[in-house]
file entry_26.pdb (PDB, C-alpha atoms and all ligand atoms)
ATOM      1  CA  MET A   1      19.355  88.826   1.211
ATOM      2  CA  ILE A   2      21.237  87.758  -1.937
ATOM      3  CA  ALA A   3      23.002  91.144  -2.038
ATOM      4  CA  TYR A   4      23.942  90.702   1.645
ATOM      5  CA  ARG A   5      25.361  87.224   0.977
ATOM      6  CA  ILE A   6      27.347  88.434  -2.047
ATOM      7  CA  LYS A   7      28.740  91.292   0.027
ATOM      8  CA  GLN A   8      29.701  88.834   2.796
ATOM      9  CA  PHE A   9      31.455  86.594   0.257
ATOM     10  CA  VAL A  10      33.382  89.483  -1.313
ATOM     11  CA  ASP A  11      34.272  90.834   2.134
ATOM     12  CA  GLY A  12      35.492  87.351   3.105
ATOM     13  CA  ILE A  13      37.823  86.863   0.154
ATOM     14  CA  THR A  14      39.143  90.428   0.140
ATOM     15  CA  ALA A  15      39.516  90.835   3.925
ATOM     16  CA  ARG A  16      42.756  92.420   5.035
ATOM     17  CA  PRO A  17      44.451  91.180   8.203
ATOM     18  CA  LEU A  18      44.068  93.255  11.339
ATOM     19  CA  ASP A  19      46.746  95.931  11.633
ATOM     20  CA  ASN A  20      48.848  96.476  14.748
ATOM     21  CA  GLY A  21      46.433  98.991  16.259
ATOM     22  CA  GLU A  22      43.461  96.684  15.744
ATOM     23  CA  ARG A  23      45.372  93.730  17.182
ATOM     24  CA  ALA A  24      46.249  95.863  20.215
ATOM     25  CA  THR A  25      42.533  96.531  20.714
ATOM     26  CA  VAL A  26      41.751  92.806  20.546
ATOM     27  CA  ASP A  27      44.606  92.014  22.926
ATOM     28  CA  THR A  28      43.290  94.528  25.453
ATOM     29  CA  ILE A  29      39.778  93.065  25.410
ATOM     30  CA  LEU A  30      40.565  89.356  25.315
ATOM     31  CA  ASP A  31      42.627  87.623  27.966
ATOM     32  CA  ASP A  32      45.226  84.884  27.427
ATOM     33  CA  ARG A  33      42.599  82.138  27.197
ATOM     34  CA  LEU A  34      40.361  83.929  24.693
ATOM     35  CA  ARG A  35      42.980  85.450  22.406
ATOM     36  CA  PRO A  36      43.925  82.113  20.735
ATOM     37  CA  LEU A  37      40.242  81.610  19.834
ATOM     38  CA  PHE A  38      40.124  84.939  18.027
ATOM     39  CA  TYR A  39      43.444  84.501  16.226
ATOM     40  CA  GLY A  40      42.532  80.897  15.373
ATOM     41  CA  MET A  41      39.785  82.178  13.059
ATOM     42  CA  ASN A  42      40.629  82.820   9.415
ATOM     43  CA  THR A  43      41.369  86.392   8.252
ATOM     44  CA  GLY A  44      37.860  86.926   6.871
ATOM     45  CA  ASP A  45      36.188  85.903  10.126
ATOM     46  CA  GLN A  46      38.626  87.990  12.198
ATOM     47  CA  ARG A  47      37.848  91.025  10.055
ATOM     48  CA  HIS A  48      34.092  90.366  10.212
ATOM     49  CA  CYS A  49      34.163  89.971  14.010
ATOM     50  CA  PHE A  50      36.210  93.148  14.371
ATOM     51  CA  LYS A  51      33.673  95.081  12.280
ATOM     52  CA  VAL A  52      30.856  93.656  14.408
ATOM     53  CA  TYR A  53      32.782  94.766  17.497
ATOM     54  CA  ASN A  54      33.132  98.348  16.194
ATOM     55  CA  CYS A  55      29.476  98.470  15.202
ATOM     56  CA  GLY A  56      28.422  96.861  18.500
ATOM     57  CA  MET A  57      30.233  99.589  20.421
ATOM     58  CA  LEU A  58      28.367 102.309  18.510
ATOM     59  CA  LEU A  59      25.044 100.590  19.153
ATOM     60  CA  TRP A  60      26.019 100.105  22.795
ATOM     61  CA  GLN A  61      26.439 103.836  23.380
ATOM     62  CA  ARG A  62      22.824 104.445  22.405
ATOM     63  CA  ALA A  63      21.511 101.327  24.154
ATOM     64  CA  ALA A  64      23.361 101.981  27.422
ATOM     65  CA  ALA A  65      22.027 105.549  27.572
ATOM     66  CA  ASN A  66      18.448 104.271  27.207
ATOM     67  CA  SER A  67      18.744 101.157  29.368
ATOM     68  CA  ASN A  68      18.079 100.599  33.043
ATOM     69  CA  LEU A  69      21.592  99.264  33.668
ATOM     70  CA  SER A  70      23.123 100.534  36.895
ATOM     71  CA  ALA A  71      26.480 102.331  36.967
ATOM     72  CA  GLU A  72      27.996  99.092  38.285
ATOM     73  CA  ASP A  73      26.453  96.989  35.543
ATOM     74  CA  ILE A  74      27.652  99.130  32.662
ATOM     75  CA  PRO A  75      31.368  98.165  32.589
ATOM     76  CA  TYR A  76      30.535  94.471  33.012
ATOM     77  CA  TYR A  77      27.952  94.355  30.211
ATOM     78  CA  ARG A  78      30.083  96.516  27.945
ATOM     79  CA  GLY A  79      32.951  94.054  28.361
ATOM     80  CA  LEU A  80      30.589  91.134  27.838
ATOM     81  CA  LEU A  81      29.353  92.656  24.577
ATOM     82  CA  GLN A  82      32.926  93.307  23.419
ATOM     83  CA  ARG A  83      33.945  89.680  23.983
ATOM     84  CA  CYS A  84      30.780  88.344  22.359
ATOM     85  CA  CYS A  85      31.254  90.533  19.274
ATOM     86  CA  LEU A  86      34.874  89.501  18.825
ATOM     87  CA  LEU A  87      34.176  85.801  19.347
ATOM     88  CA  HIS A  88      30.647  85.263  18.037
ATOM     89  CA  ASP A  89      31.788  83.249  14.996
ATOM     90  CA  VAL A  90      34.562  81.304  16.688
ATOM     91  CA  GLY A  91      32.537  78.104  16.249
ATOM     92  CA  ARG A  92      33.116  78.244  12.494
ATOM     93  CA  GLY A  93      36.726  77.125  12.998
ATOM     94  CA  ASN A  94      39.585  78.122  10.737
ATOM     95  CA  GLU A  95      38.776  75.616   7.982
ATOM     96  CA  MET A  96      35.537  77.405   7.052
ATOM     97  CA  SER A  97      36.738  79.525   4.126
ATOM     98  CA  PRO A  98      34.453  82.010   2.306
ATOM     99  CA  PHE A  99      34.074  79.426  -0.502
ATOM    100  CA  LYS A 100      32.935  76.697   1.897
ATOM    101  CA  LYS A 101      30.580  79.158   3.536
ATOM    102  CA  ALA A 102      29.125  80.009   0.109
ATOM    103  CA  ILE A 103      28.546  76.279  -0.534
ATOM    104  CA  ALA A 104      26.823  75.918   2.840
ATOM    105  CA  VAL A 105      24.594  78.954   2.189
ATOM    106  CA  PHE A 106      23.723  77.660  -1.296
ATOM    107  CA  LEU A 107      22.833  74.188   0.015
ATOM    108  CA  ARG A 108      20.788  75.666   2.824
ATOM    109  CA  LYS A 109      18.767  77.711   0.339
ATOM    110  CA  CYS A 110      18.227  74.794  -2.071
ATOM    111  CA  VAL A 111      17.679  71.897   0.341
ATOM    112  CA  PRO A 112      17.165  73.363   3.822
ATOM    113  CA  GLY A 113      15.725  70.249   5.466
ATOM    114  CA  TYR A 114      18.437  67.972   4.120
ATOM    115  CA  THR A 115      21.313  70.260   5.126
ATOM    116  CA  LYS A 116      19.853  70.778   8.603
ATOM    117  CA  SER A 117      19.581  67.046   9.267
ATOM    118  CA  LEU A 118      23.021  66.451   7.708
ATOM    119  CA  ALA A 119      24.495  69.109  10.020
ATOM    120  CA  GLU A 120      22.892  67.519  13.081
ATOM    121  CA  LYS A 121      24.097  64.022  12.134
ATOM    122  CA  ALA A 122      27.604  65.287  11.326
ATOM    123  CA  LYS A 123      27.980  66.396  14.947
ATOM    124  CA  ASN A 124      28.527  62.817  16.047
ATOM    125  CA  LYS A 125      29.896  61.056  13.001
ATOM    126  CA  SER A 126      32.038  61.763   9.985
ATOM    127  CA  LEU A 127      29.917  62.521   6.927
ATOM    128  CA  GLY A 128      32.637  63.814   4.621
ATOM    129  CA  SER A 129      33.501  67.353   3.698
ATOM    130  CA  ILE A 130      29.938  68.439   2.802
ATOM    131  CA  GLY A 131      28.718  67.124   6.169
ATOM    132  CA  ARG A 132      31.492  69.018   7.949
ATOM    133  CA  ILE A 133      30.726  72.237   6.071
ATOM    134  CA  CYS A 134      27.010  71.984   6.889
ATOM    135  CA  TYR A 135      27.779  71.158  10.518
ATOM    136  CA  ARG A 136      30.136  74.112  10.919
ATOM    137  CA  HIS A 137      27.770  76.492   9.129
ATOM    138  CA  HIS A 138      24.496  75.488  10.782
ATOM    139  CA  MET A 139      25.823  74.806  14.250
ATOM    140  CA  HIS A 140      28.607  77.391  14.620
ATOM    141  CA  GLY A 141      26.669  79.366  17.220
ATOM    142  CA  GLN A 142      26.227  76.324  19.451
ATOM    143  CA  ILE A 143      29.798  75.124  18.806
ATOM    144  CA  GLY A 144      31.193  78.532  19.791
ATOM    145  CA  GLY A 145      28.918  78.673  22.828
ATOM    146  CA  GLU A 146      30.067  75.258  24.029
ATOM    147  CA  LEU A 147      33.702  76.205  23.460
ATOM    148  CA  LEU A 148      33.341  79.346  25.569
ATOM    149  CA  ASN A 149      31.449  77.445  28.261
ATOM    150  CA  SER A 150      34.218  74.848  28.418
ATOM    151  CA  LEU A 151      36.719  77.635  29.144
ATOM    152  CA  GLY A 152      34.548  79.019  31.942
ATOM    153  CA  TYR A 153      33.002  81.904  29.987
ATOM    154  CA  GLU A 154      29.408  80.897  30.530
ATOM    155  CA  ALA A 155      27.804  84.319  30.045
ATOM    156  CA  GLU A 156      29.629  84.755  26.731
ATOM    157  CA  GLY A 157      28.802  81.164  25.744
ATOM    158  CA  SER A 158      25.096  81.583  26.447
ATOM    159  CA  ILE A 159      24.916  84.655  24.178
ATOM    160  CA  VAL A 160      27.184  83.420  21.370
ATOM    161  CA  ALA A 161      25.214  80.144  21.220
ATOM    162  CA  LEU A 162      22.054  82.099  20.351
ATOM    163  CA  HIS A 163      23.396  84.701  17.937
ATOM    164  CA  HIS A 164      21.453  83.169  15.029
ATOM    165  CA  CYS A 165      18.513  81.931  17.108
ATOM    166  CA  ARG A 166      15.086  83.337  16.219
ATOM    167  CA  ASP A 167      13.082  81.263  18.703
ATOM    168  CA  ILE A 168      11.767  83.732  21.258
ATOM    169  CA  ASN A 169      11.045  80.920  23.734
ATOM    170  CA  ILE A 170      14.716  79.946  23.752
ATOM    171  CA  ILE A 171      15.991  83.538  23.818
ATOM    172  CA  SER A 172      13.699  84.397  26.733
ATOM    173  CA  GLN A 173      15.557  81.847  28.847
ATOM    174  CA  LEU A 174      18.378  84.398  29.045
ATOM    175  CA  ASP A 175      17.960  87.083  31.676
ATOM    176  CA  LYS A 176      16.822  90.495  30.418
ATOM    177  CA  LYS A 177      20.268  92.090  30.491
ATOM    178  CA  LYS A 178      21.834  89.290  28.467
ATOM    179  CA  GLN A 179      18.917  89.522  26.037
ATOM    180  CA  GLN A 180      19.828  93.183  25.494
ATOM    181  CA  ILE A 181      23.437  92.218  24.751
ATOM    182  CA  LEU A 182      22.251  89.498  22.368
ATOM    183  CA  GLN A 183      20.030  91.980  20.518
ATOM    184  CA  ILE A 184      22.937  94.387  20.032
ATOM    185  CA  LEU A 185      25.196  91.560  18.831
ATOM    186  CA  LYS A 186      22.560  90.321  16.365
ATOM    187  CA  LYS A 187      21.954  93.808  15.021
ATOM    188  CA  ALA A 188      25.676  94.525  14.581
ATOM    189  CA  ASP A 189      26.178  91.105  12.944
ATOM    190  CA  SER A 190      23.303  91.687  10.514
ATOM    191  CA  MET A 191      24.903  94.955   9.385
ATOM    192  CA  HIS A 192      28.200  93.277   8.379
TER
HETATM  193 FE    FE B 201      27.489  83.695  13.015
END

call {"tool": "encode", "arguments": {"input": "entry_26.pdb", "output": "structure tokens"}}
result
Amino acid sequence: MIAYRIKQFVDGITARPLDNGERATVDTILDDRLRPLFYGMNTGDQRHCFKVYNCGMLLWQRAAANSNLSAEDIPYYRGLLQRCCLLHDVGRGNEMSPFKKAIAVFLRKCVPGYTKSLAEKAKNKSLGSIGRICYRHHMHGQIGGELLNSLGYEAEGSIVALHHCRDINIISQLDKKKQQILQILKKADSMH
């Protein structure tokens, strides 16, 4: 886990911006309302989400071949997975730099209960920069989910909101097809 976190940190501070071809891919997948969310993320998060998208598409090929999705379902769920991969960390906001993320991860490891309650309290009141960092780090799934819901992308919002959730009772509230998309997203995310 420590090696994974170090890799994430190094990837974050050394991330190169998307090139023209990669931006064209994003622009094809995301419509006018979703594109500003993607490009509003910092370079490290854009790069991470693009890697998760590429990985998600590879995992999708295997999953779709072995799933019971109908021919009609396949394009819809493929598009849903693409949007979720590209936007899964949008709730972090552009102020969440790799350094702030490292602080949040460190605090979570050292004082998990304190940072969790600080994050929950910081949702409704200003608790300074540490409160904001904890809030953005702990709650970014829910924040991103609510943002997508508010734009009318409820399917995407319901999946993005749970991309760090481990509670099977909560996950099982999604229908089976969305659960499959969530599993692919989580797997791709864990690999980058
Ligand atoms: Fe995330």

call {"tool": "closest_atom_pairs", "arguments": {"input": "entry_26.pdb", "of": "chain A", "to": "ligand FE 201 (chain B)", "cutoff": "7 Å", "atoms": "only C-alpha atoms and all ligand atoms", "output": "CSV"}}
result
residue,atom,partner,partner_atom,distance
A:His88,CA,B:FE201,FE,6.1
A:Asp89,CA,B:FE201,FE,4.8
A:His140,CA,B:FE201,FE,6.6
A:Gly141,CA,B:FE201,FE,6.1
A:His163,CA,B:FE201,FE,6.5
A:His164,CA,B:FE201,FE,6.4

call {"tool": "residues_around", "arguments": {"input": "entry_26.pdb", "residues": "A:Leu80", "least_positions_apart": "5", "cutoff": "9 Å", "atoms": "all atoms listed in the file", "output": "list of chain:residue names"}}
result
A:Pro75, A:Cys85, A:Ala155, A:Glu156, A:Lys178, A:Ile181

call {"tool": "closest_atom_pairs", "arguments": {"input": "entry_26.pdb", "of": "stretch 83-157 of chain A", "to": "stretch 12-36 of chain A", "cutoff": "9 Å", "atoms": "all atoms listed in the file", "output": "tab-separated table"}}
result
residue	atom	partner	partner_atom	distance
A:Arg83	CA	A:Leu30	CA	6.8
A:Leu86	CA	A:Val26	CA	7.8
A:Leu87	CA	A:Leu34	CA	8.4
A:Ser97	CA	A:Gly12	CA	8.0
A:Pro98	CA	A:Gly12	CA	5.5
A:Phe99	CA	A:Ile13	CA	8.4
A:Leu148	CA	A:Leu34	CA	8.4
A:Leu151	CA	A:Arg33	CA	7.7

call {"tool": "resolve_selection", "arguments": {"input": "entry_26.pdb", "expression": "the PyMOL selection byres (((chain A and resi 118) around 9) and not hetatm)", "output": "PyMOL selection string"}}
result
chain A and resi 113-117+119-123+127+130-132+134-135

call {"tool": "atom_distance", "arguments": {"input": "entry_26.pdb", "atom1": "atom CA of A:His192", "atom2": "atom CA of A:Val52"}}
result
6.6 Å

call {"tool": "atom_distance", "arguments": {"input": "entry_26.pdb", "atom1": "atom CA of A:Met41", "atom2": "atom CA of A:Arg92"}}
result
7.8 Å

call {"tool": "closest_atom_pairs", "arguments": {"input": "entry_26.pdb", "of": "stretch 47-165 of chain A", "to": "stretch 172-176 of chain A", "cutoff": "12 Å", "atoms": "all atoms listed in the file", "output": "JSON lines"}}
result
{"residue": "A:Ser67", "atom": "CA", "partner": "A:Lys176", "partner_atom": "CA", "distance": 10.9}
{"residue": "A:Asn68", "atom": "CA", "partner": "A:Lys176", "partner_atom": "CA", "distance": 10.5}
{"residue": "A:Leu69", "atom": "CA", "partner": "A:Lys176", "partner_atom": "CA", "distance": 10.5}
{"residue": "A:Tyr77", "atom": "CA", "partner": "A:Lys176", "partner_atom": "CA", "distance": 11.8}
{"residue": "A:Glu154", "atom": "CA", "partner": "A:Leu174", "partner_atom": "CA", "distance": 11.7}
{"residue": "A:Ala155", "atom": "CA", "partner": "A:Leu174", "partner_atom": "CA", "distance": 9.5}
{"residue": "A:Glu156", "atom": "CA", "partner": "A:Leu174", "partner_atom": "CA", "distance": 11.5}
{"residue": "A:Gly157", "atom": "CA", "partner": "A:Leu174", "partner_atom": "CA", "distance": 11.4}
{"residue": "A:Ser158", "atom": "CA", "partner": "A:Leu174", "partner_atom": "CA", "distance": 7.7}
{"residue": "A:Ile159", "atom": "CA", "partner": "A:Leu174", "partner_atom": "CA", "distance": 8.2}
{"residue": "A:Val160", "atom": "CA", "partner": "A:Leu174", "partner_atom": "CA", "distance": 11.7}
{"residue": "A:Ala161", "atom": "CA", "partner": "A:Leu174", "partner_atom": "CA", "distance": 11.2}
{"residue": "A:Leu162", "atom": "CA", "partner": "A:Leu174", "partner_atom": "CA", "distance": 9.7}
{"residue": "A:Cys165", "atom": "CA", "partner": "A:Ser172", "partner_atom": "CA", "distance": 11.0}

call {"tool": "residues_around", "arguments": {"input": "entry_26.pdb", "residues": "A:Leu147", "least_positions_apart": "5", "cutoff": "9 Å", "atoms": "all atoms listed in the file", "output": "ChimeraX atom specification"}}
result
/A:90-91,142,152-153,157

call {"tool": "closest_residue", "arguments": {"input": "entry_26.pdb", "among": "A:Gln8, A:Asn66, A:Asn149, A:Gln46", "to": "A:Gln180", "atoms": "only C-alpha atoms"}}
result
A:Asn66

call {"tool": "axis_aligned_box", "arguments": {"input": "entry_26.pdb", "around": "stretch 98-102 of chain A", "padding_each_side": "4 Å", "output": "AutoDock Vina command-line options"}}
result
--center_x 31.8 --center_y 79.4 --center_z 1.5 --size_x 13.3 --size_y 13.3 --size_z 12.0

call {"tool": "atom_distance", "arguments": {"input": "entry_26.pdb", "atom1": "atom CA of A:Trp60", "atom2": "atom CA of A:Leu81"}}
result
8.4 Å

call {"tool": "closest_residue", "arguments": {"input": "entry_26.pdb", "among": "A:Ala3, A:Tyr76, A:Pro112, A:Cys55", "to": "A:Lys187", "atoms": "all atoms listed in the file"}}
result
A:Cys55

call {"tool": "closest_residue", "arguments": {"input": "entry_26.pdb", "among": "A:Glu72, A:Gln82, A:Gly145, A:Ile168", "to": "A:Leu59", "atoms": "only C-alpha atoms"}}
result
A:Gln82

call {"tool": "resolve_selection", "arguments": {"input": "entry_26.pdb", "expression": "the PyMOL selection byres (((chain A and resi 105) around 12) and not hetatm)", "output": "ChimeraX atom specification"}}
result
/A:1-2,4-6,8-9,98-104,106-112,115-116,130,133-138
